[in-house]
file model-v5.txt (compact mmCIF, C-alpha atoms)
# COMPACT_ATOMS: atom_id res chain seq x y z
CA MET A 1452 110.35 65.81 89.17
CA ASN A 1453 108.89 65.31 85.70
CA GLN A 1454 105.64 64.12 87.17
CA LEU A 1455 105.26 67.52 88.76
CA ARG A 1456 104.82 69.19 85.41
CA ASN A 1457 101.28 69.63 84.27
CA THR A 1458 100.83 69.77 80.53
CA LYS A 1459 97.12 70.27 80.02
CA PRO A 1460 95.33 73.26 81.49
CA ILE A 1461 92.91 72.56 84.31
CA PRO A 1462 89.47 74.09 83.76
CA TRP A 1463 88.33 76.00 86.80
CA GLN A 1464 85.77 78.39 88.06
CA ARG A 1465 86.83 81.45 89.92
CA ALA A 1466 85.60 84.80 91.12
CA CYS A 1467 87.50 87.95 90.26
CA HIS A 1468 89.06 89.09 93.53
CA GLU A 1469 88.38 92.76 92.83
CA CYS A 1470 84.83 92.72 91.49
CA ASP A 1471 83.47 89.29 92.50
CA LEU A 1472 82.40 88.34 88.98
CA LEU A 1473 82.04 84.61 88.52
CA LEU A 1474 84.20 83.38 85.68
CA THR A 1475 85.00 80.11 84.03
CA GLY A 1476 88.09 79.49 82.04
CA GLY A 1477 91.52 78.00 81.79
CA LEU A 1478 94.83 79.42 82.85
CA ALA A 1479 96.55 82.10 80.87
CA PRO A 1480 98.73 80.86 78.02
CA PRO A 1481 102.44 80.94 78.86
CA GLY A 1482 103.96 84.38 78.84
CA GLN A 1483 100.61 86.14 78.82
CA LYS A 1484 98.10 87.29 81.36
CA LEU A 1485 94.42 86.86 81.97
CA VAL A 1486 92.33 89.96 82.68
CA CYS A 1487 88.91 90.25 84.28
CA PRO A 1488 86.44 91.28 81.53
CA ARG A 1489 84.55 93.60 83.85
CA CYS A 1490 87.09 95.42 86.00
CA ARG A 1491 90.31 94.77 84.05
CA CYS A 1492 92.28 93.47 87.01
CA THR A 1493 94.95 90.88 86.32
CA LEU A 1494 93.63 87.47 87.27
CA HIS A 1495 96.59 85.37 86.38
CA ARG A 1496 99.96 86.15 84.90
CA ASN A 1497 101.60 83.07 83.49
CA SER A 1498 105.33 83.55 83.31
CA ASN A 1499 107.50 81.01 81.57
CA HIS A 1500 109.27 78.59 83.92
CA SER A 1501 107.90 80.57 86.83
CA VAL A 1502 109.16 78.32 89.60
CA TYR A 1503 112.70 77.87 88.30
CA TYR A 1504 113.14 81.51 87.39
CA THR A 1505 111.90 82.55 90.79
CA ILE A 1506 114.35 80.21 92.52
CA ALA A 1507 117.20 81.62 90.46
CA LEU A 1508 116.18 85.22 90.99
CA SER A 1509 115.62 84.93 94.71
CA LEU A 1510 118.99 83.20 95.16
CA THR A 1511 120.60 86.04 93.19
CA GLY A 1512 118.79 88.52 95.37
CA LEU A 1513 119.98 86.85 98.55
CA LEU A 1514 123.56 86.83 97.32
CA LEU A 1515 123.35 90.49 96.33
CA PHE A 1516 121.85 91.30 99.70
CA ILE A 1517 125.13 90.49 101.48
CA PRO A 1518 127.29 93.16 99.80
CA SER A 1519 124.53 95.75 99.63
CA ALA A 1520 123.83 95.47 103.35
CA SER A 1521 127.46 95.40 104.44
CA LEU A 1522 129.18 97.77 102.02
CA PRO A 1523 128.66 101.53 102.20
CA LEU A 1524 126.31 102.94 99.58
CA LEU A 1525 127.41 106.56 99.63
CA THR A 1526 130.18 108.53 101.28
CA PHE A 1527 130.07 112.17 102.15
CA SER A 1528 133.15 114.13 103.03
CA LEU A 1529 133.62 117.64 104.28
CA PHE A 1530 136.95 119.21 105.39
CA SER A 1531 138.63 115.79 105.52
CA PHE A 1532 135.88 114.47 107.76
CA GLY A 1533 133.90 111.68 106.25
CA ALA A 1534 130.93 109.50 106.95
CA ASP A 1535 129.35 106.77 104.93
CA ASN A 1536 125.91 105.39 104.60
CA THR A 1537 125.14 101.71 104.78
CA LEU A 1538 121.60 100.36 104.85
CA LEU A 1539 121.73 99.87 108.61
CA ASN A 1540 123.69 103.01 109.43
CA GLY A 1541 120.78 105.34 108.79
CA VAL A 1542 118.47 103.21 110.89
CA ASN A 1543 121.01 103.22 113.67
CA SER A 1544 121.44 106.98 113.69
CA LEU A 1545 117.68 107.51 113.72
CA TYR A 1546 117.38 105.05 116.58
CA LYS A 1547 120.09 106.82 118.55
CA ALA A 1548 118.33 110.15 118.02
CA GLY A 1549 115.22 108.67 119.61
CA PHE A 1550 113.06 108.18 116.51
CA ILE A 1551 112.25 104.56 117.23
CA TRP A 1552 109.07 104.38 115.15
CA LEU A 1553 110.75 105.97 112.15
CA ALA A 1554 113.85 103.79 112.53
CA SER A 1555 111.82 100.60 112.68
CA LEU A 1556 109.74 101.62 109.67
CA VAL A 1557 112.84 102.32 107.59
CA LEU A 1558 114.43 99.09 108.82
CA PHE A 1559 111.36 97.09 107.92
CA CYS A 1560 110.74 98.61 104.50
CA SER A 1561 114.31 98.69 103.25
CA VAL A 1562 115.93 95.66 104.89
CA LEU A 1563 113.57 93.19 106.53
CA ALA A 1564 110.76 93.14 103.97
CA PRO A 1565 113.01 92.64 100.89
CA LEU A 1566 115.04 90.01 102.74
CA GLY A 1567 111.86 88.29 103.89
CA LYS A 1568 110.52 88.38 100.34
CA PHE A 1569 113.59 86.66 98.93
CA LEU A 1570 113.64 84.06 101.69
CA LEU A 1571 109.94 83.33 101.38
CA LEU A 1572 110.09 83.03 97.60
CA LEU A 1573 113.06 80.69 97.79
CA PHE A 1574 111.36 78.59 100.43
CA ILE A 1575 108.05 78.49 98.56
CA CYS A 1576 109.57 77.47 95.25
CA CYS A 1577 112.02 74.93 96.62
CA GLY A 1578 109.69 73.62 99.31
CA SER A 1579 106.82 72.93 96.93
CA THR A 1580 108.70 69.82 95.79
CA TRP A 1581 108.34 68.03 99.10
CA LYS A 1582 105.18 66.66 100.53
CA PHE A 1583 105.95 67.29 104.18
CA LEU A 1584 106.35 71.02 103.57
CA ASP A 1585 102.86 71.52 102.11
CA ARG A 1586 101.44 73.32 105.12
CA ALA A 1587 104.53 75.46 105.57
CA VAL A 1588 104.50 76.44 101.89
CA ALA A 1589 100.83 77.44 102.07
CA PHE A 1590 101.61 79.49 105.16
CA SER A 1591 104.54 81.19 103.42
CA VAL A 1592 102.51 82.09 100.34
CA ARG A 1593 100.04 83.82 102.61
CA TRP A 1594 102.80 85.75 104.34
CA TYR A 1595 104.38 86.62 101.02
CA GLN A 1596 101.08 88.26 100.05
CA HIS A 1597 101.14 90.30 103.24
CA ILE A 1598 104.75 91.38 103.04
CA LYS A 1599 104.82 92.02 99.28
CA GLU A 1600 103.94 95.68 99.17
CA TRP A 1601 106.16 96.68 102.09
CA GLY A 1602 109.46 95.99 100.39
CA MET A 1603 110.47 99.37 99.02
CA LEU A 1604 113.91 99.04 97.53
CA ASP A 1605 112.99 101.21 94.55
CA VAL A 1606 111.73 104.01 96.76
CA TYR A 1607 114.93 103.79 98.79
CA MET A 1608 116.91 104.07 95.56
CA LEU A 1609 115.08 107.29 94.68
CA GLY A 1610 115.76 108.51 98.23
CA ILE A 1611 119.48 107.94 97.63
CA LEU A 1612 119.26 109.94 94.41
CA VAL A 1613 117.53 112.84 96.16
CA ALA A 1614 120.07 112.77 99.00
CA LEU A 1615 122.90 112.72 96.47
CA ILE A 1616 121.65 115.82 94.72
CA LYS A 1617 120.62 117.62 97.89
CA LEU A 1618 124.05 117.39 99.47
CA ARG A 1619 126.01 118.06 96.31
CA ASP A 1620 126.76 121.66 97.14
CA LEU A 1621 127.37 121.07 100.85
CA GLY A 1622 130.31 118.70 100.55
CA LYS A 1623 131.76 115.96 98.41
CA MET A 1624 129.55 112.99 97.65
CA ASP A 1625 130.89 109.71 96.34
CA VAL A 1626 129.08 106.68 95.02
CA GLU A 1627 130.42 103.47 96.53
CA PRO A 1628 130.36 99.92 95.08
CA GLY A 1629 127.62 98.97 97.53
CA LEU A 1630 125.23 101.16 95.57
CA TYR A 1631 125.71 99.09 92.40
CA CYS A 1632 124.94 95.92 94.35
CA PHE A 1633 121.90 97.65 95.81
CA GLY A 1634 120.69 98.70 92.35
CA ALA A 1635 121.11 95.16 91.07
CA MET A 1636 119.24 93.83 94.10
CA MET A 1637 116.39 96.24 93.41
CA LEU A 1638 116.17 95.02 89.83
CA VAL A 1639 116.24 91.37 90.89
CA ALA A 1640 113.58 91.98 93.55
CA ASN A 1641 111.22 93.45 90.96
CA LEU A 1642 111.93 90.69 88.47
CA SER A 1643 111.37 87.96 91.04
CA SER A 1644 108.02 89.32 92.13
CA LEU A 1645 107.06 89.56 88.44
CA SER A 1646 108.07 86.02 87.63
CA PHE A 1647 106.48 84.48 90.71
CA ASP A 1648 103.18 82.86 89.85
CA GLN A 1649 101.48 81.38 92.86
CA ASN A 1650 99.12 79.39 90.65
CA ALA A 1651 102.06 77.25 89.56
CA ILE A 1652 102.74 76.46 93.22
CA TRP A 1653 99.12 75.56 93.92
CA GLN A 1654 99.10 73.39 90.82
CA ARG A 1655 102.15 71.54 92.05
CA LEU A 1656 100.56 70.88 95.42
CA ALA A 1657 97.26 69.79 93.86
CA LEU A 1658 98.95 67.57 91.33
CA ARG A 1659 100.97 65.82 94.01
CA ARG A 1660 97.84 65.28 96.07
CA ASP A 1661 96.17 63.69 93.04
CA LEU A 1662 99.17 61.47 92.38
CA ARG A 1663 99.11 60.35 95.99
CA ARG A 1664 95.43 59.62 95.81
CA ALA A 1665 95.88 57.67 92.59
CA ALA A 1666 98.67 55.63 94.16
CA LEU A 1667 96.46 54.54 97.04
CA MET B 90 70.01 93.46 80.89
CA SER B 91 70.60 90.50 83.11
CA ALA B 92 72.54 91.06 86.29
CA PRO B 93 76.10 89.79 86.21
CA GLN B 94 76.83 86.53 87.96
CA LYS B 95 78.37 87.37 91.28
CA ALA B 96 80.07 84.86 93.49
CA LEU B 97 78.55 86.15 96.72
CA LYS B 98 75.00 85.61 95.48
CA LYS B 99 75.85 81.98 94.94
CA GLY B 100 77.20 81.75 98.45
CA MET B 101 80.79 81.68 97.28
CA THR B 102 83.71 84.04 97.32
CA SER B 103 87.32 84.04 96.28
CA CYS B 104 90.14 83.90 98.80
CA LEU B 105 91.94 87.25 98.74
CA SER B 106 95.29 85.61 99.30
CA CYS B 107 95.33 82.67 96.88
CA HIS B 108 92.29 83.54 94.71
CA GLN B 109 90.63 80.17 95.06
CA LEU B 110 86.85 80.03 94.87
CA ILE B 111 85.42 79.02 98.24
CA ILE B 112 81.92 78.11 99.38
CA LEU B 113 81.05 80.30 102.33
CA PRO B 114 79.46 78.77 105.44
CA ALA B 115 75.67 78.99 105.28
CA ARG B 116 75.32 80.94 108.53
CA GLY B 117 77.59 83.64 107.14
CA GLY B 118 80.72 84.94 108.77
CA ARG B 119 84.23 83.88 108.05
CA CYS B 120 86.00 80.64 107.45
CA ARG B 121 89.53 79.54 106.64
CA CYS B 122 90.68 78.99 103.10
CA PRO B 123 91.33 75.24 102.74
CA ARG B 124 94.20 75.85 100.37
CA CYS B 125 96.26 78.64 101.94
CA GLY B 126 94.75 79.03 105.40
CA ALA B 127 93.93 82.73 105.14
CA SER B 128 90.65 83.84 106.67
CA VAL B 129 87.98 84.32 104.05
CA TYR B 130 84.83 86.41 104.23
CA GLY B 131 82.24 87.46 101.71
CA ARG B 132 83.39 91.04 101.95
CA ILE B 133 86.09 92.37 104.27
CA ASP B 134 84.45 92.78 107.70
CA GLY B 135 83.59 96.41 108.39
CA SER B 136 85.59 97.49 105.36
CA LEU B 137 83.89 100.87 104.98
CA MET B 138 84.06 101.69 108.67
CA LEU B 139 87.69 100.69 108.99
CA THR B 140 88.67 102.61 105.86
CA TRP B 141 86.80 105.69 107.07
CA ALA B 142 88.56 105.48 110.44
CA LEU B 143 92.02 105.10 108.92
CA THR B 144 91.39 107.80 106.33
CA ILE B 145 90.27 110.31 108.95
CA THR B 146 93.26 109.40 111.13
CA GLY B 147 95.52 109.97 108.16
CA ALA B 148 93.92 113.33 107.37
CA LEU B 149 94.35 114.47 110.98
CA LEU B 150 97.96 113.31 111.08
CA LEU B 151 98.66 115.18 107.87
CA LEU B 152 98.41 118.50 109.77
CA PRO B 153 101.32 117.94 112.21
CA ALA B 154 103.24 116.25 109.40
CA ASN B 155 103.11 119.43 107.35
CA ILE B 156 103.40 121.98 110.15
CA LEU B 157 106.14 120.47 112.31
CA PRO B 158 109.70 120.36 110.96
CA ILE B 159 110.67 117.00 109.51
CA MET B 160 114.41 117.56 109.63
CA SER B 161 117.00 120.16 110.42
CA VAL B 162 120.38 120.61 108.78
CA ILE B 163 122.83 122.08 111.26
CA TYR B 164 125.89 123.51 109.54
CA LEU B 165 128.67 125.01 111.63
CA GLY B 166 126.44 125.31 114.66
CA ALA B 167 123.76 127.18 112.81
CA GLY B 168 120.79 125.78 111.00
CA GLU B 169 117.08 126.01 110.81
CA PRO B 170 114.57 123.18 110.93
CA SER B 171 112.71 122.69 107.67
CA THR B 172 109.21 121.44 107.02
CA ILE B 173 108.24 119.36 104.00
CA ILE B 174 107.19 122.39 101.98
CA SER B 175 110.25 124.44 102.85
CA GLY B 176 112.46 121.50 101.86
CA VAL B 177 110.81 121.46 98.45
CA MET B 178 111.13 125.23 98.14
CA GLN B 179 114.81 125.00 99.04
CA LEU B 180 115.39 122.52 96.24
CA TYR B 181 113.41 124.64 93.82
CA ASN B 182 115.26 127.82 94.74
CA SER B 183 118.62 126.17 94.20
CA GLY B 184 117.56 125.43 90.64
CA MET B 185 116.91 121.70 90.93
CA TRP B 186 113.30 121.81 89.89
CA GLY B 187 113.29 118.23 88.66
CA ILE B 188 114.19 116.83 92.05
CA ALA B 189 111.95 119.42 93.70
CA LEU B 190 109.07 118.12 91.59
CA ILE B 191 109.80 114.50 92.55
CA VAL B 192 109.92 115.34 96.25
CA PHE B 193 106.79 117.49 95.96
CA VAL B 194 104.85 114.75 94.22
CA ALA B 195 106.04 112.03 96.59
CA SER B 196 105.60 113.80 99.89
CA ILE B 197 102.81 116.33 99.38
CA ALA B 198 100.75 115.43 96.33
CA VAL B 199 100.67 111.65 96.85
CA PRO B 200 99.39 111.61 100.47
CA VAL B 201 96.79 114.27 99.74
CA MET B 202 95.67 112.57 96.53
CA LYS B 203 95.50 109.25 98.30
CA LEU B 204 93.28 110.61 101.05
CA LEU B 205 91.07 112.46 98.56
CA GLY B 206 90.75 109.37 96.40
CA LEU B 207 89.77 107.21 99.35
CA ILE B 208 87.22 109.77 100.56
CA LEU B 209 85.78 109.97 97.05
CA LEU B 210 85.39 106.19 96.88
CA LEU B 211 83.90 105.98 100.36
CA VAL B 212 81.43 108.82 99.79
CA GLN B 213 80.44 107.32 96.49
CA ILE B 214 79.65 103.99 98.08
CA GLN B 215 77.95 105.39 101.17
CA LEU B 216 75.68 107.75 99.24
CA ARG B 217 75.29 105.26 96.36
CA LEU B 218 76.21 107.93 93.86
CA HIS B 219 76.18 106.80 90.27
CA PHE B 220 79.81 106.64 89.33
CA VAL B 221 81.16 104.66 86.48
CA PRO B 222 82.64 101.69 88.34
CA THR B 223 85.55 101.29 85.95
CA GLN B 224 86.66 104.80 86.84
CA ALA B 225 86.25 104.11 90.54
CA MET B 226 88.41 101.03 90.05
CA LYS B 227 91.03 103.22 88.37
CA ILE B 228 91.03 105.51 91.41
CA TYR B 229 91.34 102.49 93.69
CA ARG B 230 94.27 101.06 91.74
CA VAL B 231 96.09 104.39 91.67
CA VAL B 232 95.50 104.88 95.41
CA SER B 233 96.79 101.45 96.33
CA GLY B 234 99.66 101.59 93.85
CA ILE B 235 101.22 104.96 94.64
CA GLY B 236 101.10 104.63 98.42
CA ARG B 237 104.60 103.39 98.85
CA TRP B 238 106.28 106.28 97.08
CA SER B 239 105.56 108.75 99.86
CA LEU B 240 108.13 107.03 102.05
CA LEU B 241 110.74 108.64 99.80
CA ASP B 242 111.26 111.61 102.11
CA LEU B 243 111.72 109.42 105.17
CA PHE B 244 114.30 107.24 103.45
CA MET B 245 116.10 110.40 102.41
CA ILE B 246 116.16 111.62 106.01
CA SER B 247 117.58 108.32 107.19
CA ILE B 248 120.29 108.45 104.52
CA LEU B 249 121.15 112.06 105.32
CA ALA B 250 121.21 111.40 109.07
CA ALA B 251 123.80 108.67 108.52
CA LEU B 252 125.84 110.65 106.01
CA VAL B 253 126.03 114.00 107.73
CA ASP B 254 126.96 113.18 111.27
CA MET B 255 130.07 115.17 112.13
CA GLY B 256 129.29 116.59 115.51
CA PHE B 257 129.71 120.33 115.53
CA ILE B 258 130.59 120.87 111.88
CA ALA B 259 127.52 119.49 110.23
CA GLN B 260 124.63 117.36 111.31
CA VAL B 261 121.27 116.32 109.98
CA ALA B 262 118.68 115.50 112.59
CA ALA B 263 115.16 114.25 112.07
CA GLY B 264 112.35 116.37 113.48
CA PRO B 265 109.06 115.54 115.17
CA GLY B 266 107.14 116.02 111.94
CA SER B 267 108.81 112.97 110.45
CA THR B 268 107.13 110.67 112.95
CA ALA B 269 103.75 112.14 112.03
CA PHE B 270 104.53 111.81 108.34
CA ALA B 271 105.60 108.18 108.73
CA SER B 272 102.32 107.50 110.50
CA VAL B 273 100.39 109.16 107.66
CA VAL B 274 102.05 106.88 105.12
CA VAL B 275 101.49 103.71 107.14
CA VAL B 276 97.90 104.60 108.03
CA THR B 277 96.96 105.42 104.44
CA MET B 278 98.59 102.24 103.16
CA LEU B 279 96.56 100.26 105.67
CA ALA B 280 93.43 102.20 104.66
CA ALA B 281 93.95 101.27 101.01
CA ARG B 282 94.40 97.65 102.08
CA SER B 283 91.26 97.54 104.19
CA PHE B 284 89.12 98.99 101.40
CA ASP B 285 87.30 96.23 99.57
CA PRO B 286 86.97 97.11 95.86
CA ARG B 287 84.16 94.59 95.45
CA LEU B 288 81.94 97.05 97.34
CA ILE B 289 82.22 99.45 94.38
CA TRP B 290 80.60 96.83 92.18
CA ASP B 291 78.06 95.97 94.88
CA ALA B 292 77.02 99.61 95.01
CA HIS B 293 76.86 99.71 91.24
CA ASP B 294 74.72 96.58 91.02
CA GLY B 295 72.48 97.81 93.82
CA ASP B 296 73.05 94.96 96.24
CA LEU B 297 75.34 96.64 98.73
CA TYR B 298 75.30 95.07 102.19
CA ALA B 299 73.36 92.12 100.83
CA THR B 300 76.07 89.99 102.39
CA ALA B 301 75.73 86.43 103.61
CA VAL B 302 72.76 85.68 101.44
CA GLU B 303 72.12 81.99 101.29
CA PRO B 304 71.56 80.72 97.77
CA GLU B 305 68.08 79.43 98.62
CA THR B 306 66.84 82.71 100.06
CA ALA B 307 68.28 84.60 97.14
CA HIS B 308 66.35 82.46 94.71
CA ARG B 309 63.20 82.70 96.80
CA SER B 310 63.24 86.49 96.98
CA ALA B 311 63.92 86.67 93.27
CA ALA B 312 60.91 84.44 92.65
CA GLU B 313 58.72 86.52 94.92
CA ASN B 314 59.67 89.73 93.21
CA GLY B 315 58.82 88.16 89.90

call {"tool": "encode", "arguments": {"input": "model-v5.txt", "output": "structure tokens"}}
result
Amino acid sequence: MNQLRNTKPIPWQRACHECDLLLTGGLAPPGQKLVCPRCRCTLHRNSNHSVYYTIALSLTGLLLFIPSASLPLLTFSLFSFGADNTLLNGVNSLYKAGFIWLASLVLFCSVLAPLGKFLLLLFICCGSTWKFLDRAVAFSVRWYQHIKEWGMLDVYMLGILVALIKLRDLGKMDVEPGLYCFGAMMLVANLSSLSFDQNAIWQRLALRRDLRRAAL
Amino acid sequence: MSAPQKALKKGMTSCLSCHQLIILPARGGRCRCPRCGASVYGRIDGSLMLTWALTITGALLLLPANILPIMSVIYLGAGEPSTIISGVMQLYNSGMWGIALIVFVASIAVPVMKLLGLILLLVQIQLRLHFVPTQAMKIYRVVSGIGRWSLLDLFMISILAALVDMGFIAQVAAGPGSTAFASVVVVTMLAARSFDPRLIWDAHDGDLYATAVEPETAHRSAAENG
């Protein structure tokens, strides 16, 4: 495990992915980020202990996913009738009303994409330790890039807030414990995508390849 | 002033997925990134055309999204369907202007701004207008960053539909406009994805569409032009 840690920065050449400027330089110092001098896009954000933090955060997220998907988030009651809202409940009622496209979009953005993000991050960070998973890890990083912007827990949270205020004068609205788990999951999801640094993963893979080559 | 060193002129490009520098095949076209396996091309294939198509689709879908009702609240058997704008007005009239502002920004201002921003960028590149590229990049970043927030209204409808489902007494049902609105959001998000910001800099440097230039030919033409 200790061999997998690289102490000296590797000099590399790269092109900015937003303006195609050719650049030469090292990696960003820990805890800071590297910015393209021409278009100011972030080239590399070097978080401390990126891989371990991401493992911890994605595990936390997966654990928080269980209560926030199964417990009700809000309850609404009117004349002793009541109904509650879980993550899947809304999707289900849209599906039953015939809005299949809308239901699948909401399902994807609020349940599948965040879940997929946590699973992929966990797999990428844990799997980068083993040689036989190299191809699978590379594949997952690519899919993580695709799925990244479709997880919209924070937008869903704002939707809950709007719904809460909108229905306040129609009946009685209650906040359920599921909502606290959901809020925590939202926070963890944002933190994990901040702490994830795919360069650290690529470095691990490259370093292992070099070690293997040296051993031959 | 010497022209900035661009990767494409050297026959290289960076992988959009893992940001590794890759040598493009000499005949042009795409190849696979050796590190992450994503397909790599000098510039996204048909980026301008695809973005135009998706932007125009989004603009057309915006009409039914705003005209058709997106949801109806049925209370004690009576209730009228509401469009996006009337939903905002309802919130405003009941004194919750803060929430009304959030909903207005998310579901009316953001889609319109996104489409306008994309059209501005596309027109600028197509007509080679002299924009300051750093400002164009700001527009691009705002457009691709705010896209997700317009799904707010749809999430709210899904929450309300689950919460208020009591048969005759009260019910919230989604309307046909919501499908159109969902399509607007998805289409504009895809449009922002298919737009290649490197084209802004190409247009600025004056070598737009000079794709797949082999290093040798580039040097030769530079030598011929003195």

call {"tool": "closest_residue", "arguments": {"input": "model-v5.txt", "among": "B:Val276, B:Leu249, B:Leu216, B:Val199", "to": "chain A", "atoms": "all atoms listed in the file"}}
result
B:Leu249

call {"tool": "closest_atom_pairs", "arguments": {"input": "model-v5.txt", "of": "chain A", "to": "chain B", "cutoff": "7 Å", "atoms": "all atoms listed in the file", "output": "CSV"}}
result
residue,atom,partner,partner_atom,distance
A:Arg1465,CA,B:Leu110,CA,5.1
A:Ala1466,CA,B:Ser103,CA,5.5
A:His1468,CA,B:Ser103,CA,6.0
A:Glu1469,CA,B:Arg287,CA,5.3
A:Cys1470,CA,B:Arg287,CA,4.4
A:Asp1471,CA,B:Lys95,CA,5.6
A:Leu1472,CA,B:Lys95,CA,4.7
A:Leu1473,CA,B:Ala96,CA,5.4
A:Cys1490,CA,B:Thr223,CA,6.1
A:Thr1526,CA,B:Leu252,CA,6.8
A:Phe1527,CA,B:Leu252,CA,5.9
A:Ala1534,CA,B:Leu252,CA,5.3
A:Asp1535,CA,B:Leu252,CA,5.3
A:Asn1536,CA,B:Leu252,CA,5.4
A:Asn1540,CA,B:Ala251,CA,5.7
A:Gly1541,CA,B:Ala251,CA,4.5
A:Val1542,CA,B:Ser247,CA,6.4
A:Ser1544,CA,B:Ala251,CA,5.9
A:Leu1545,CA,B:Ser247,CA,6.6
A:Trp1552,CA,B:Thr268,CA,6.9
A:Leu1553,CA,B:Thr268,CA,6.0
A:Val1557,CA,B:Phe244,CA,6.6
A:Ala1589,CA,B:Cys125,CA,4.7
A:Phe1590,CA,B:Cys125,CA,6.3
A:Arg1593,CA,B:Ser106,CA,6.1
A:Gln1596,CA,B:Ser106,CA,6.4
A:Val1606,CA,B:Leu241,CA,5.6
A:Tyr1607,CA,B:Phe244,CA,5.8
A:Leu1609,CA,B:Leu241,CA,6.8
A:Gly1610,CA,B:Met245,CA,4.6
A:Ile1611,CA,B:Met245,CA,6.4
A:Val1613,CA,B:Ile188,CA,6.6
A:Ala1614,CA,B:Met245,CA,5.7

call {"tool": "write_last_selection", "arguments": {"input": "model-v5.txt", "atoms": "C-alpha atoms", "output": "PDB file, keeping the file's coordinate frame"}}
result
ATOM      1  CA  ARG A1465      86.830  81.450  89.920  1.00  0.00           C
ATOM      2  CA  ALA A1466      85.600  84.800  91.120  1.00  0.00           C
ATOM      3  CA  HIS A1468      89.060  89.090  93.530  1.00  0.00           C
ATOM      4  CA  GLU A1469      88.380  92.760  92.830  1.00  0.00           C
ATOM      5  CA  CYS A1470      84.830  92.720  91.490  1.00  0.00           C
ATOM      6  CA  ASP A1471      83.470  89.290  92.500  1.00  0.00           C
ATOM      7  CA  LEU A1472      82.400  88.340  88.980  1.00  0.00           C
ATOM      8  CA  LEU A1473      82.040  84.610  88.520  1.00  0.00           C
ATOM      9  CA  CYS A1490      87.090  95.420  86.000  1.00  0.00           C
ATOM     10  CA  THR A1526     130.180 108.530 101.280  1.00  0.00           C
ATOM     11  CA  PHE A1527     130.070 112.170 102.150  1.00  0.00           C
ATOM     12  CA  ALA A1534     130.930 109.500 106.950  1.00  0.00           C
ATOM     13  CA  ASP A1535     129.350 106.770 104.930  1.00  0.00           C
ATOM     14  CA  ASN A1536     125.910 105.390 104.600  1.00  0.00           C
ATOM     15  CA  ASN A1540     123.690 103.010 109.430  1.00  0.00           C
ATOM     16  CA  GLY A1541     120.780 105.340 108.790  1.00  0.00           C
ATOM     17  CA  VAL A1542     118.470 103.210 110.890  1.00  0.00           C
ATOM     18  CA  SER A1544     121.440 106.980 113.690  1.00  0.00           C
ATOM     19  CA  LEU A1545     117.680 107.510 113.720  1.00  0.00           C
ATOM     20  CA  TRP A1552     109.070 104.380 115.150  1.00  0.00           C
ATOM     21  CA  LEU A1553     110.750 105.970 112.150  1.00  0.00           C
ATOM     22  CA  VAL A1557     112.840 102.320 107.590  1.00  0.00           C
ATOM     23  CA  ALA A1589     100.830  77.440 102.070  1.00  0.00           C
ATOM     24  CA  PHE A1590     101.610  79.490 105.160  1.00  0.00           C
ATOM     25  CA  ARG A1593     100.040  83.820 102.610  1.00  0.00           C
ATOM     26  CA  GLN A1596     101.080  88.260 100.050  1.00  0.00           C
ATOM     27  CA  VAL A1606     111.730 104.010  96.760  1.00  0.00           C
ATOM     28  CA  TYR A1607     114.930 103.790  98.790  1.00  0.00           C
ATOM     29  CA  LEU A1609     115.080 107.290  94.680  1.00  0.00           C
ATOM     30  CA  GLY A1610     115.760 108.510  98.230  1.00  0.00           C
ATOM     31  CA  ILE A1611     119.480 107.940  97.630  1.00  0.00           C
ATOM     32  CA  VAL A1613     117.530 112.840  96.160  1.00  0.00           C
ATOM     33  CA  ALA A1614     120.070 112.770  99.000  1.00  0.00           C
TER      34      ALA A1614
END

call {"tool": "residues_around", "arguments": {"input": "model-v5.txt", "residues": "A:Ser1498", "least_positions_apart": "3", "cutoff": "8 Å", "atoms": "all atoms listed in the file", "output": "PyMOL selection string"}}
result
chain A and resi 1481-1483+1501+1646-1648

call {"tool": "write_last_selection", "arguments": {"input": "model-v5.txt", "atoms": "C-alpha atoms", "output": "compact mmCIF listing (two decimals), in the frame of the given file"}}
result
# COMPACT_ATOMS: atom_id res chain seq x y z
CA PRO A 1481 102.44 80.94 78.86
CA GLY A 1482 103.96 84.38 78.84
CA GLN A 1483 100.61 86.14 78.82
CA SER A 1501 107.90 80.57 86.83
CA SER A 1646 108.07 86.02 87.63
CA PHE A 1647 106.48 84.48 90.71
CA ASP A 1648 103.18 82.86 89.85

call {"tool": "atom_distance", "arguments": {"input": "model-v5.txt", "atom1": "atom CA of B:Ile112", "atom2": "atom CA of A:Pro1488"}}
result
22.6 Å

call {"tool": "atom_distance", "arguments": {"input": "model-v5.txt", "atom1": "atom CA of A:Pro1518", "atom2": "atom CA of A:Glu1627"}}
result
11.3 Å

call {"tool": "atom_distance", "arguments": {"input": "model-v5.txt", "atom1": "atom CA of B:Thr172", "atom2": "atom CA of B:Val273"}}
result
15.1 Å

call {"tool": "axis_aligned_box", "arguments": {"input": "model-v5.txt", "around": "stretch 1652-1667 of chain A", "padding_each_side": "6 Å", "output": "AutoDock Vina command-line options"}}
result
--center_x 99.1 --center_y 65.5 --center_z 93.9 --size_x 19.3 --size_y 33.9 --size_z 18.2

call {"tool": "closest_residue", "arguments": {"input": "model-v5.txt", "among": "B:Thr144, B:Gln213, B:Ser161, B:Ser171", "to": "B:Pro200", "atoms": "only C-alpha atoms"}}
result
B:Thr144

call {"tool": "closest_residue", "arguments": {"input": "model-v5.txt", "among": "A:Arg1655, A:Arg1660, A:Lys1568, A:Lys1623", "to": "A:Leu1510", "atoms": "only C-alpha atoms"}}
result
A:Lys1568
